[in-house]
$ cat target-v9.pdb   # PDB, C-alpha atoms
ATOM      1  CA  MET A   1     -16.698  48.324  22.698
ATOM      2  CA  ALA A   2     -19.065  46.395  20.474
ATOM      3  CA  ILE A   3     -16.279  45.797  17.937
ATOM      4  CA  CYS A   4     -14.025  44.485  20.721
ATOM      5  CA  LEU A   5     -16.727  42.107  21.929
ATOM      6  CA  LEU A   6     -17.316  40.872  18.395
ATOM      7  CA  PHE A   7     -13.581  40.285  17.964
ATOM      8  CA  HIS A   8     -13.333  38.217  21.135
ATOM      9  CA  LEU A   9     -16.455  36.298  20.171
ATOM     10  CA  ALA A  10     -14.901  35.467  16.800
ATOM     11  CA  LEU A  11     -11.760  34.228  18.529
ATOM     12  CA  LEU A  12     -13.822  31.998  20.811
ATOM     13  CA  ILE A  13     -15.696  30.535  17.862
ATOM     14  CA  LEU A  14     -12.478  29.851  15.982
ATOM     15  CA  SER A  15     -10.782  28.213  18.965
ATOM     16  CA  SER A  16     -13.795  26.102  19.816
ATOM     17  CA  SER A  17     -14.260  24.970  16.217
ATOM     18  CA  SER A  18     -10.617  24.119  15.489
ATOM     19  CA  ALA A  19      -9.913  21.967  18.542
ATOM     20  CA  PRO A  20     -12.728  19.431  18.011
ATOM     21  CA  ALA A  21     -11.830  19.194  14.314
ATOM     22  CA  SER A  22      -8.615  17.311  15.040
ATOM     23  CA  ALA A  23     -10.258  15.407  17.870
ATOM     24  CA  ASN A  24     -13.157  14.370  15.620
ATOM     25  CA  SER A  25     -10.710  13.324  12.903
ATOM     26  CA  GLU A  26      -8.837  11.126  15.373
ATOM     27  CA  GLY A  27     -12.103   9.757  16.726
ATOM     28  CA  GLU A  28     -13.117   8.812  13.194
ATOM     29  CA  ALA A  29      -9.763   7.078  12.691
ATOM     30  CA  LEU A  30     -10.183   5.037  15.859
ATOM     31  CA  TYR A  31     -13.794   4.246  15.075
ATOM     32  CA  ALA A  32     -12.657   2.901  11.713
ATOM     33  CA  LEU A  33     -10.568   0.410  13.702
ATOM     34  CA  ARG A  34     -13.551  -0.514  15.842
ATOM     35  CA  ARG A  35     -15.607  -1.231  12.726
ATOM     36  CA  ALA A  36     -12.822  -3.397  11.285
ATOM     37  CA  VAL A  37     -12.429  -5.709  14.282
ATOM     38  CA  LYS A  38     -14.511  -8.178  16.230
ATOM     39  CA  ASP A  39     -14.566  -7.462  19.948
ATOM     40  CA  PRO A  40     -15.945 -10.455  21.878
ATOM     41  CA  ASP A  41     -15.215  -8.993  25.317
ATOM     42  CA  GLY A  42     -16.618  -5.543  24.534
ATOM     43  CA  VAL A  43     -13.420  -3.668  25.337
ATOM     44  CA  LEU A  44     -14.350  -1.060  22.716
ATOM     45  CA  GLU A  45     -17.914  -0.465  23.895
ATOM     46  CA  SER A  46     -17.054   3.036  25.115
ATOM     47  CA  TRP A  47     -15.846   4.053  21.636
ATOM     48  CA  ASP A  48     -18.876   6.207  20.835
ATOM     49  CA  PRO A  49     -18.495   8.214  17.612
ATOM     50  CA  THR A  50     -21.124  10.733  18.749
ATOM     51  CA  LEU A  51     -18.818  12.105  21.467
ATOM     52  CA  VAL A  52     -16.839  15.284  20.796
ATOM     53  CA  ASP A  53     -13.471  13.540  21.040
ATOM     54  CA  PRO A  54     -12.131  10.045  21.827
ATOM     55  CA  CYS A  55     -10.272  11.073  24.993
ATOM     56  CA  THR A  56     -13.045   9.683  27.208
ATOM     57  CA  TRP A  57     -12.880   6.257  25.549
ATOM     58  CA  PHE A  58     -11.353   3.370  27.468
ATOM     59  CA  HIS A  59      -7.836   2.275  26.395
ATOM     60  CA  VAL A  60      -7.189   5.686  24.782
ATOM     61  CA  THR A  61      -4.823   8.264  26.309
ATOM     62  CA  CYS A  62      -4.657  11.908  25.194
ATOM     63  CA  ASP A  63      -2.412  14.884  25.827
ATOM     64  CA  GLY A  64      -3.437  18.357  27.039
ATOM     65  CA  ASP A  65      -4.620  19.268  23.550
ATOM     66  CA  ASN A  66      -7.000  16.292  23.419
ATOM     67  CA  ARG A  67      -4.825  14.554  20.847
ATOM     68  CA  VAL A  68      -4.404  10.774  21.085
ATOM     69  CA  THR A  69      -0.997   9.674  22.408
ATOM     70  CA  ARG A  70      -1.572   6.043  23.445
ATOM     71  CA  LEU A  71      -3.693   3.154  22.260
ATOM     72  CA  ASP A  72      -3.509   0.250  24.712
ATOM     73  CA  LEU A  73      -5.313  -2.790  23.321
ATOM     74  CA  GLY A  74      -2.868  -5.576  24.051
ATOM     75  CA  ASN A  75      -4.320  -9.010  24.828
ATOM     76  CA  ALA A  76      -7.860  -7.821  24.127
ATOM     77  CA  LYS A  77      -8.993 -10.826  22.015
ATOM     78  CA  LEU A  78      -9.569  -8.584  19.005
ATOM     79  CA  SER A  79      -9.774 -10.143  15.550
ATOM     80  CA  GLY A  80     -10.032  -8.515  12.158
ATOM     81  CA  SER A  81      -7.609  -6.163  10.440
ATOM     82  CA  LEU A  82      -5.664  -2.975  11.000
ATOM     83  CA  VAL A  83      -6.914   0.087   9.135
ATOM     84  CA  PRO A  84      -4.956   2.757   7.223
ATOM     85  CA  GLU A  85      -6.838   5.483   9.124
ATOM     86  CA  LEU A  86      -4.570   4.809  12.126
ATOM     87  CA  GLY A  87      -1.881   6.733  10.254
ATOM     88  CA  LYS A  88      -3.818   9.952  10.983
ATOM     89  CA  LEU A  89      -2.968   9.852  14.710
ATOM     90  CA  GLU A  90      -0.042  12.219  14.339
ATOM     91  CA  ARG A  91       0.728  12.502  18.062
ATOM     92  CA  LEU A  92       0.395   8.803  18.824
ATOM     93  CA  GLN A  93       3.424   7.592  20.755
ATOM     94  CA  TYR A  94       2.410   4.054  21.745
ATOM     95  CA  LEU A  95       0.460   1.674  19.517
ATOM     96  CA  GLU A  96      -0.074  -1.459  21.594
ATOM     97  CA  LEU A  97      -2.045  -4.152  19.770
ATOM     98  CA  TYR A  98      -0.031  -7.216  20.763
ATOM     99  CA  MET A  99      -1.421 -10.667  21.588
ATOM    100  CA  ASN A 100      -4.629 -10.428  19.589
ATOM    101  CA  TYR A 101      -5.909 -12.266  16.507
ATOM    102  CA  LEU A 102      -5.387  -9.520  13.946
ATOM    103  CA  GLU A 103      -4.955 -10.570  10.317
ATOM    104  CA  GLY A 104      -3.992  -8.989   7.017
ATOM    105  CA  PRO A 105      -1.203  -6.522   6.247
ATOM    106  CA  ILE A 106       0.437  -3.801   8.281
ATOM    107  CA  PRO A 107      -0.870  -0.602   6.620
ATOM    108  CA  LYS A 108       1.868   1.459   5.002
ATOM    109  CA  GLU A 109       0.063   4.517   6.395
ATOM    110  CA  LEU A 110       1.506   3.728   9.841
ATOM    111  CA  GLY A 111       4.620   5.429   8.483
ATOM    112  CA  GLY A 112       2.740   8.692   9.079
ATOM    113  CA  LEU A 113       2.835   8.268  12.865
ATOM    114  CA  LYS A 114       5.692  10.751  13.226
ATOM    115  CA  SER A 115       5.536  10.799  17.051
ATOM    116  CA  LEU A 116       5.523   7.018  17.494
ATOM    117  CA  VAL A 117       7.935   5.625  20.093
ATOM    118  CA  SER A 118       6.663   2.046  20.374
ATOM    119  CA  LEU A 119       4.980  -0.173  17.777
ATOM    120  CA  ASP A 120       3.943  -3.472  19.361
ATOM    121  CA  LEU A 121       2.056  -5.771  16.990
ATOM    122  CA  TYR A 122       3.599  -9.041  18.136
ATOM    123  CA  HIS A 123       1.727 -12.299  18.579
ATOM    124  CA  ASN A 124      -0.988 -11.769  15.958
ATOM    125  CA  ASN A 125      -1.661 -13.339  12.548
ATOM    126  CA  LEU A 126      -0.478 -10.441  10.402
ATOM    127  CA  THR A 127       0.591 -11.264   6.848
ATOM    128  CA  GLY A 128       2.293  -9.494   3.960
ATOM    129  CA  SER A 129       5.547  -7.593   4.098
ATOM    130  CA  ILE A 130       6.992  -5.128   6.587
ATOM    131  CA  PRO A 131       6.242  -1.680   5.094
ATOM    132  CA  ALA A 132       9.329   0.296   4.159
ATOM    133  CA  SER A 133       7.343   3.385   5.184
ATOM    134  CA  LEU A 134       8.078   2.525   8.831
ATOM    135  CA  SER A 135      11.527   3.986   8.158
ATOM    136  CA  LYS A 136       9.887   7.432   8.484
ATOM    137  CA  LEU A 137       9.265   6.854  12.206
ATOM    138  CA  SER A 138      12.306   8.809  13.344
ATOM    139  CA  ASN A 139      11.296   8.682  17.040
ATOM    140  CA  LEU A 140      10.711   4.931  17.095
ATOM    141  CA  LYS A 141      12.553   3.067  19.871
ATOM    142  CA  PHE A 142      10.661  -0.239  20.055
ATOM    143  CA  LEU A 143       9.579  -2.267  17.019
ATOM    144  CA  ARG A 144       8.152  -5.671  17.913
ATOM    145  CA  LEU A 145       6.537  -7.632  15.089
ATOM    146  CA  ASN A 146       7.462 -11.128  16.250
ATOM    147  CA  ARG A 147       5.162 -14.151  16.166
ATOM    148  CA  ASN A 148       3.144 -13.181  13.109
ATOM    149  CA  ARG A 149       3.105 -14.564   9.553
ATOM    150  CA  LEU A 150       4.964 -11.724   7.856
ATOM    151  CA  SER A 151       6.876 -12.534   4.683
ATOM    152  CA  GLY A 152       9.207 -10.828   2.227
ATOM    153  CA  ARG A 153      12.444  -9.002   2.967
ATOM    154  CA  ILE A 154      13.378  -6.858   5.933
ATOM    155  CA  PRO A 155      13.339  -3.396   4.335
ATOM    156  CA  ARG A 156      16.841  -1.996   4.386
ATOM    157  CA  GLU A 157      15.325   1.469   4.804
ATOM    158  CA  LEU A 158      14.653   0.536   8.440
ATOM    159  CA  THR A 159      18.369   0.826   9.181
ATOM    160  CA  LYS A 160      17.825   4.610   9.102
ATOM    161  CA  LEU A 161      15.908   4.403  12.398
ATOM    162  CA  GLY A 162      18.649   5.926  14.529
ATOM    163  CA  ASN A 163      16.672   5.826  17.801
ATOM    164  CA  LEU A 164      15.673   2.171  17.514
ATOM    165  CA  LYS A 165      16.684   0.264  20.659
ATOM    166  CA  ILE A 166      14.625  -2.922  20.408
ATOM    167  CA  LEU A 167      13.885  -4.858  17.214
ATOM    168  CA  ASP A 168      12.103  -8.200  17.195
ATOM    169  CA  VAL A 169      10.910  -9.774  13.951
ATOM    170  CA  SER A 170      11.448 -13.365  15.088
ATOM    171  CA  SER A 171       9.023 -16.200  14.345
ATOM    172  CA  ASN A 172       7.741 -14.993  10.992
ATOM    173  CA  ASP A 173       8.357 -16.149   7.400
ATOM    174  CA  LEU A 174      10.797 -13.425   6.378
ATOM    175  CA  CYS A 175      13.396 -14.086   3.699
ATOM    176  CA  GLY A 176      16.468 -12.568   2.085
ATOM    177  CA  THR A 177      19.534 -11.278   3.897
ATOM    178  CA  ILE A 178      19.614  -9.554   7.268
ATOM    179  CA  PRO A 179      20.816  -5.939   7.040
ATOM    180  CA  THR A 180      23.403  -4.952   9.639
ATOM    181  CA  SER A 181      24.175  -1.337   8.787
ATOM    182  CA  GLY A 182      23.039   1.693  10.752
ATOM    183  CA  SER A 183      20.910   0.974  13.800
ATOM    184  CA  PHE A 184      20.765  -2.729  12.870
ATOM    185  CA  SER A 185      24.446  -3.154  13.766
ATOM    186  CA  LYS A 186      23.562  -3.572  17.450
ATOM    187  CA  PHE A 187      20.842  -6.219  17.165
ATOM    188  CA  SER A 188      21.691  -9.853  17.915
ATOM    189  CA  GLU A 189      20.450 -12.942  16.105
ATOM    190  CA  GLN A 190      17.660 -13.205  18.697
ATOM    191  CA  SER A 191      15.899 -10.419  16.824
ATOM    192  CA  TYR A 192      15.536 -12.701  13.782
ATOM    193  CA  VAL A 193      15.292 -16.320  14.995
ATOM    194  CA  ASN A 194      12.662 -18.698  13.620
ATOM    195  CA  ASN A 195      12.659 -17.221  10.139
ATOM    196  CA  PRO A 196      14.024 -20.259   8.256
ATOM    197  CA  ARG A 197      14.342 -18.390   4.946
ATOM    198  CA  LEU A 198      16.427 -15.509   6.282
ATOM    199  CA  GLU A 199      20.089 -15.523   5.257
ATOM    200  CA  GLY A 200      23.158 -13.766   6.563
ATOM    201  CA  PRO A 201      23.642 -11.520   8.346
ATOM    202  CA  GLU A 202      25.756  -9.504   5.940
ATOM    203  CA  LEU A 203      28.663  -9.588   8.389
ATOM    204  CA  MET A 204      31.907  -7.925   7.324
ATOM    205  CA  GLY A 205      30.762  -7.947   3.721
ATOM    206  CA  PHE A 206      30.810 -11.745   3.402
ATOM    207  CA  VAL A 207      27.088 -11.872   2.734
ATOM    208  CA  ARG A 208      25.836  -9.012   0.602
ATOM    209  CA  TYR A 209      22.342  -7.611   0.931
ATOM    210  CA  ASP A 210      20.528  -9.222  -1.970
ATOM    211  CA  THR A 211      17.871  -7.089  -3.653
ATOM    212  CA  SER A 212      17.551  -9.217  -6.762
ATOM    213  CA  GLY A 213      15.004 -11.906  -7.332
ATOM    214  CA  SER A 214      11.911 -12.685  -5.320
ATOM    215  CA  CYS A 215      11.635 -14.286  -1.895
ATOM    216  CA  ASP A 216       7.904 -13.853  -1.388
TER
END

$ encode --input "target-v9.pdb" --output "structure tokens"
Amino acid sequence: MAICLLFHLALLILSSSSAPASANSEGEALYALRRAVKDPDGVLESWDPTLVDPCTWFHVTCDGDNRVTRLDLGNAKLSGSLVPELGKLERLQYLELYMNYLEGPIPKELGGLKSLVSLDLYHNNLTGSIPASLSKLSNLKFLRLNRNRLSGRIPRELTKLGNLKILDVSSNDLCGTIPTSGSFSKFSEQSYVNNPRLEGPELMGFVRYDTSGSCD
């Protein structure tokens, strides 16, 4: 009887210790974002790193396992930069950070968000190139990066995103040719407007995808 009780006690300890581990890791990732941004309206005031998990924080949604699935911070007047730690939110489905004042690059670590359905970073001041690592987001349906200051080429790897339904990279400073293979075959020119240095698209082979030279 005593052995049975000890066994069940061990199971309880293991289950109680493993669940907060992932929650704490995700809380640390989100708190890294809080530290990296300025928050004039205090929308992140509830993001308290001393709590067991971030599921009680405002603008954060979790699933039944207390894993983060949504981050809704659109139009929150946040400034500062994105952080690579966001790539640790493995069950995140919606990353909504549109209409803020975020600067700097899009972290390549966002390619680790294997559950992501929607990536909305439009209407910020993001710079640098679009990470080719986003091609790993096999569940991605909505990719909206418009109205930033992104430069460089559109990574051709993104054409592998078979579930992509909406693409908008308009109003940036992108350059090179517009890929039209794979999932990109269904996107109209509205996805790319107001990028004066973009060429193409590579329609019917008349304009080839140019990987030589620099267009930074």

$ resolve_selection --input "target-v9.pdb" --expression "the PyMOL selection byres ((chain A and resi 54-68) around 8)" --output "PyMOL selection string"
chain A and resi 19+22-24+26-27+43-44+46-49+51-53+69-73+89+91-92

$ atom_distance --input "target-v9.pdb" --atom1 "CA of Cys175 (chain A)" --atom2 "CA of Arg197 (chain A)"
4.6 Å

$ atom_distance --input "target-v9.pdb" --atom1 "CA of Ser171 (chain A)" --atom2 "CA of Arg149 (chain A)"
7.8 Å

$ atom_distance --input "target-v9.pdb" --atom1 "CA of Leu116 (chain A)" --atom2 "CA of Leu78 (chain A)"
21.8 Å

$ residues_around --input "target-v9.pdb" --residues "Thr159 (chain A)" --least-positions-apart "3" --cutoff "6 Å" --atoms "all atoms listed in the file" --output "list in words"
Arg156, Gly182, Ser183 and Phe184 of chain A

$ residues_around --input "target-v9.pdb" --residues "Gly87 (chain A)" --least-positions-apart "5" --cutoff "10 Å" --atoms "all atoms listed in the file" --output "list in words"
Glu26, Ala29, Leu92, Pro107, Lys108, Glu109, Leu110, Gly111, Gly112, Leu113 and Lys114 of chain A

$ write_last_selection --input "target-v9.pdb" --atoms "C-alpha atoms" --output "JSON list (two decimals), in the coordinates of the input"
[["chain", "number", "residue", "atom", "x", "y", "z"],
["A", 26, "GLU", "CA", -8.84, 11.13, 15.37],
["A", 29, "ALA", "CA", -9.76, 7.08, 12.69],
["A", 92, "LEU", "CA", 0.40, 8.80, 18.82],
["A", 107, "PRO", "CA", -0.87, -0.60, 6.62],
["A", 108, "LYS", "CA", 1.87, 1.46, 5.00],
["A", 109, "GLU", "CA", 0.06, 4.52, 6.40],
["A", 110, "LEU", "CA", 1.51, 3.73, 9.84],
["A", 111, "GLY", "CA", 4.62, 5.43, 8.48],
["A", 112, "GLY", "CA", 2.74, 8.69, 9.08],
["A", 113, "LEU", "CA", 2.84, 8.27, 12.86],
["A", 114, "LYS", "CA", 5.69, 10.75, 13.23]]

$ residues_around --input "target-v9.pdb" --residues "Arg144 (chain A)" --least-positions-apart "2" --cutoff "6 Å" --atoms "only C-alpha atoms" --output "list in words"
Asp120, Tyr122, Asn146, Leu167 and Asp168 of chain A

$ resolve_selection --input "target-v9.pdb" --expression "the PyMOL selection byres ((chain A and resi 194) around 7)" --output "MDAnalysis selection string"
chainID A and resid 170:172 192:193 195:196

$ resolve_selection --input "target-v9.pdb" --expression "the PyMOL selection byres ((chain A and resi 35) around 12)" --output "PyMOL selection string"
chain A and resi 28-34+36-39+44-45+47-49+78-83+85

$ axis_aligned_box --input "target-v9.pdb" --around "region 58-62 of chain A" --padding-each-side "8 Å" --output "lines of an AutoDock Vina configuration file"
center_x = -8.0
center_y = 7.1
center_z = 26.1
size_x = 22.7
size_y = 25.6
size_z = 18.7

$ closest_residue --input "target-v9.pdb" --among "A:Phe187, A:His123, A:Glu157, A:Ser115" --to "Glu90 (chain A)" --atoms "only C-alpha atoms"
A:Ser115

$ residues_around --input "target-v9.pdb" --residues "Ile178 (chain A)" --least-positions-apart "2" --cutoff "7 Å" --atoms "all atoms listed in the file" --output "list in words"
Ile154, Gly176, Thr180, Leu198, Glu199, Gly200, Pro201 and Glu202 of chain A

$ closest_residue --input "target-v9.pdb" --among "A:Pro40, A:Gly162, A:Gly104, A:Gly74" --to "Leu137 (chain A)" --atoms "all atoms listed in the file"
A:Gly162

$ decode --input "target-v9.pdb" --residues "region 42-65 of chain A" --atoms "N, CA, C and O atoms" --output "PDB file, in the first residue's frame"
ATOM      1  N   GLY A  42       0.286  50.936 -21.363  1.00  0.00           N
ATOM      2  CA  GLY A  42       0.264  49.921 -20.320  1.00  0.00           C
ATOM      3  C   GLY A  42      -0.527  48.674 -20.654  1.00  0.00           C
ATOM      4  O   GLY A  42      -1.059  48.020 -19.748  1.00  0.00           O
ATOM      5  N   VAL A  43      -0.566  48.315 -21.938  1.00  0.00           N
ATOM      6  CA  VAL A  43      -1.345  47.127 -22.319  1.00  0.00           C
ATOM      7  C   VAL A  43      -0.682  45.831 -21.846  1.00  0.00           C
ATOM      8  O   VAL A  43      -1.318  44.783 -21.791  1.00  0.00           O
ATOM      9  N   LEU A  44       0.596  45.917 -21.471  1.00  0.00           N
ATOM     10  CA  LEU A  44       1.320  44.730 -21.019  1.00  0.00           C
ATOM     11  C   LEU A  44       1.520  44.707 -19.500  1.00  0.00           C
ATOM     12  O   LEU A  44       2.306  43.911 -18.994  1.00  0.00           O
ATOM     13  N   GLU A  45       0.807  45.535 -18.790  1.00  0.00           N
ATOM     14  CA  GLU A  45       0.997  45.625 -17.340  1.00  0.00           C
ATOM     15  C   GLU A  45       0.719  44.309 -16.629  1.00  0.00           C
ATOM     16  O   GLU A  45       1.301  44.010 -15.593  1.00  0.00           O
ATOM     17  N   SER A  46      -0.182  43.509 -17.172  1.00  0.00           N
ATOM     18  CA  SER A  46      -0.526  42.234 -16.524  1.00  0.00           C
ATOM     19  C   SER A  46       0.503  41.148 -16.780  1.00  0.00           C
ATOM     20  O   SER A  46       0.394  40.049 -16.218  1.00  0.00           O
ATOM     21  N   TRP A  47       1.510  41.420 -17.603  1.00  0.00           N
ATOM     22  CA  TRP A  47       2.527  40.420 -17.935  1.00  0.00           C
ATOM     23  C   TRP A  47       3.530  40.330 -16.788  1.00  0.00           C
ATOM     24  O   TRP A  47       4.606  40.910 -16.809  1.00  0.00           O
ATOM     25  N   ASP A  48       3.167  39.561 -15.780  1.00  0.00           N
ATOM     26  CA  ASP A  48       3.940  39.433 -14.545  1.00  0.00           C
ATOM     27  C   ASP A  48       4.759  38.141 -14.586  1.00  0.00           C
ATOM     28  O   ASP A  48       4.202  37.038 -14.563  1.00  0.00           O
ATOM     29  N   PRO A  49       6.067  38.238 -14.656  1.00  0.00           N
ATOM     30  CA  PRO A  49       6.901  37.038 -14.780  1.00  0.00           C
ATOM     31  C   PRO A  49       6.900  36.153 -13.542  1.00  0.00           C
ATOM     32  O   PRO A  49       7.399  35.021 -13.592  1.00  0.00           O
ATOM     33  N   THR A  50       6.350  36.635 -12.427  1.00  0.00           N
ATOM     34  CA  THR A  50       6.324  35.812 -11.214  1.00  0.00           C
ATOM     35  C   THR A  50       5.143  34.834 -11.204  1.00  0.00           C
ATOM     36  O   THR A  50       5.080  33.955 -10.339  1.00  0.00           O
ATOM     37  N   LEU A  51       4.211  34.964 -12.153  1.00  0.00           N
ATOM     38  CA  LEU A  51       3.086  34.048 -12.210  1.00  0.00           C
ATOM     39  C   LEU A  51       3.533  32.702 -12.770  1.00  0.00           C
ATOM     40  O   LEU A  51       4.527  32.608 -13.486  1.00  0.00           O
ATOM     41  N   VAL A  52       2.778  31.656 -12.489  1.00  0.00           N
ATOM     42  CA  VAL A  52       3.146  30.309 -12.913  1.00  0.00           C
ATOM     43  C   VAL A  52       3.184  30.190 -14.430  1.00  0.00           C
ATOM     44  O   VAL A  52       4.055  29.560 -14.999  1.00  0.00           O
ATOM     45  N   ASP A  53       2.207  30.780 -15.103  1.00  0.00           N
ATOM     46  CA  ASP A  53       2.178  30.725 -16.564  1.00  0.00           C
ATOM     47  C   ASP A  53       1.552  32.013 -17.092  1.00  0.00           C
ATOM     48  O   ASP A  53       0.921  32.766 -16.340  1.00  0.00           O
ATOM     49  N   PRO A  54       1.716  32.292 -18.383  1.00  0.00           N
ATOM     50  CA  PRO A  54       1.230  33.561 -18.948  1.00  0.00           C
ATOM     51  C   PRO A  54      -0.235  33.537 -19.369  1.00  0.00           C
ATOM     52  O   PRO A  54      -0.709  34.507 -19.960  1.00  0.00           O
ATOM     53  N   CYS A  55      -0.953  32.467 -19.068  1.00  0.00           N
ATOM     54  CA  CYS A  55      -2.322  32.333 -19.581  1.00  0.00           C
ATOM     55  C   CYS A  55      -3.309  33.294 -18.920  1.00  0.00           C
ATOM     56  O   CYS A  55      -4.431  33.456 -19.406  1.00  0.00           O
ATOM     57  N   THR A  56      -2.907  33.911 -17.810  1.00  0.00           N
ATOM     58  CA  THR A  56      -3.762  34.902 -17.161  1.00  0.00           C
ATOM     59  C   THR A  56      -3.438  36.328 -17.631  1.00  0.00           C
ATOM     60  O   THR A  56      -4.103  37.276 -17.209  1.00  0.00           O
ATOM     61  N   TRP A  57      -2.443  36.467 -18.477  1.00  0.00           N
ATOM     62  CA  TRP A  57      -2.059  37.796 -18.962  1.00  0.00           C
ATOM     63  C   TRP A  57      -3.047  38.274 -20.021  1.00  0.00           C
ATOM     64  O   TRP A  57      -3.542  37.479 -20.829  1.00  0.00           O
ATOM     65  N   PHE A  58      -3.312  39.565 -20.021  1.00  0.00           N
ATOM     66  CA  PHE A  58      -4.174  40.146 -21.050  1.00  0.00           C
ATOM     67  C   PHE A  58      -3.515  40.013 -22.427  1.00  0.00           C
ATOM     68  O   PHE A  58      -2.296  40.079 -22.558  1.00  0.00           O
ATOM     69  N   HIS A  59      -4.352  39.835 -23.448  1.00  0.00           N
ATOM     70  CA  HIS A  59      -3.924  39.743 -24.857  1.00  0.00           C
ATOM     71  C   HIS A  59      -3.216  38.437 -25.190  1.00  0.00           C
ATOM     72  O   HIS A  59      -2.655  38.296 -26.273  1.00  0.00           O
ATOM     73  N   VAL A  60      -3.236  37.479 -24.248  1.00  0.00           N
ATOM     74  CA  VAL A  60      -2.642  36.157 -24.464  1.00  0.00           C
ATOM     75  C   VAL A  60      -3.739  35.104 -24.341  1.00  0.00           C
ATOM     76  O   VAL A  60      -4.501  35.108 -23.382  1.00  0.00           O
ATOM     77  N   THR A  61      -3.818  34.209 -25.326  1.00  0.00           N
ATOM     78  CA  THR A  61      -4.784  33.108 -25.296  1.00  0.00           C
ATOM     79  C   THR A  61      -4.026  31.790 -25.247  1.00  0.00           C
ATOM     80  O   THR A  61      -3.011  31.622 -25.937  1.00  0.00           O
ATOM     81  N   CYS A  62      -4.532  30.848 -24.424  1.00  0.00           N
ATOM     82  CA  CYS A  62      -3.881  29.544 -24.278  1.00  0.00           C
ATOM     83  C   CYS A  62      -4.856  28.416 -24.595  1.00  0.00           C
ATOM     84  O   CYS A  62      -6.075  28.601 -24.602  1.00  0.00           O
ATOM     85  N   ASP A  63      -4.304  27.238 -24.834  1.00  0.00           N
ATOM     86  CA  ASP A  63      -5.142  26.059 -25.032  1.00  0.00           C
ATOM     87  C   ASP A  63      -5.329  25.327 -23.701  1.00  0.00           C
ATOM     88  O   ASP A  63      -4.943  25.824 -22.634  1.00  0.00           O
ATOM     89  N   GLY A  64      -5.933  24.132 -23.749  1.00  0.00           N
ATOM     90  CA  GLY A  64      -6.209  23.379 -22.530  1.00  0.00           C
ATOM     91  C   GLY A  64      -4.983  22.905 -21.796  1.00  0.00           C
ATOM     92  O   GLY A  64      -5.051  22.542 -20.615  1.00  0.00           O
ATOM     93  N   ASP A  65      -3.832  22.924 -22.457  1.00  0.00           N
ATOM     94  CA  ASP A  65      -2.576  22.532 -21.830  1.00  0.00           C
ATOM     95  C   ASP A  65      -1.784  23.723 -21.314  1.00  0.00           C
ATOM     96  O   ASP A  65      -0.596  23.589 -20.979  1.00  0.00           O
TER      97      ASP A  65
END
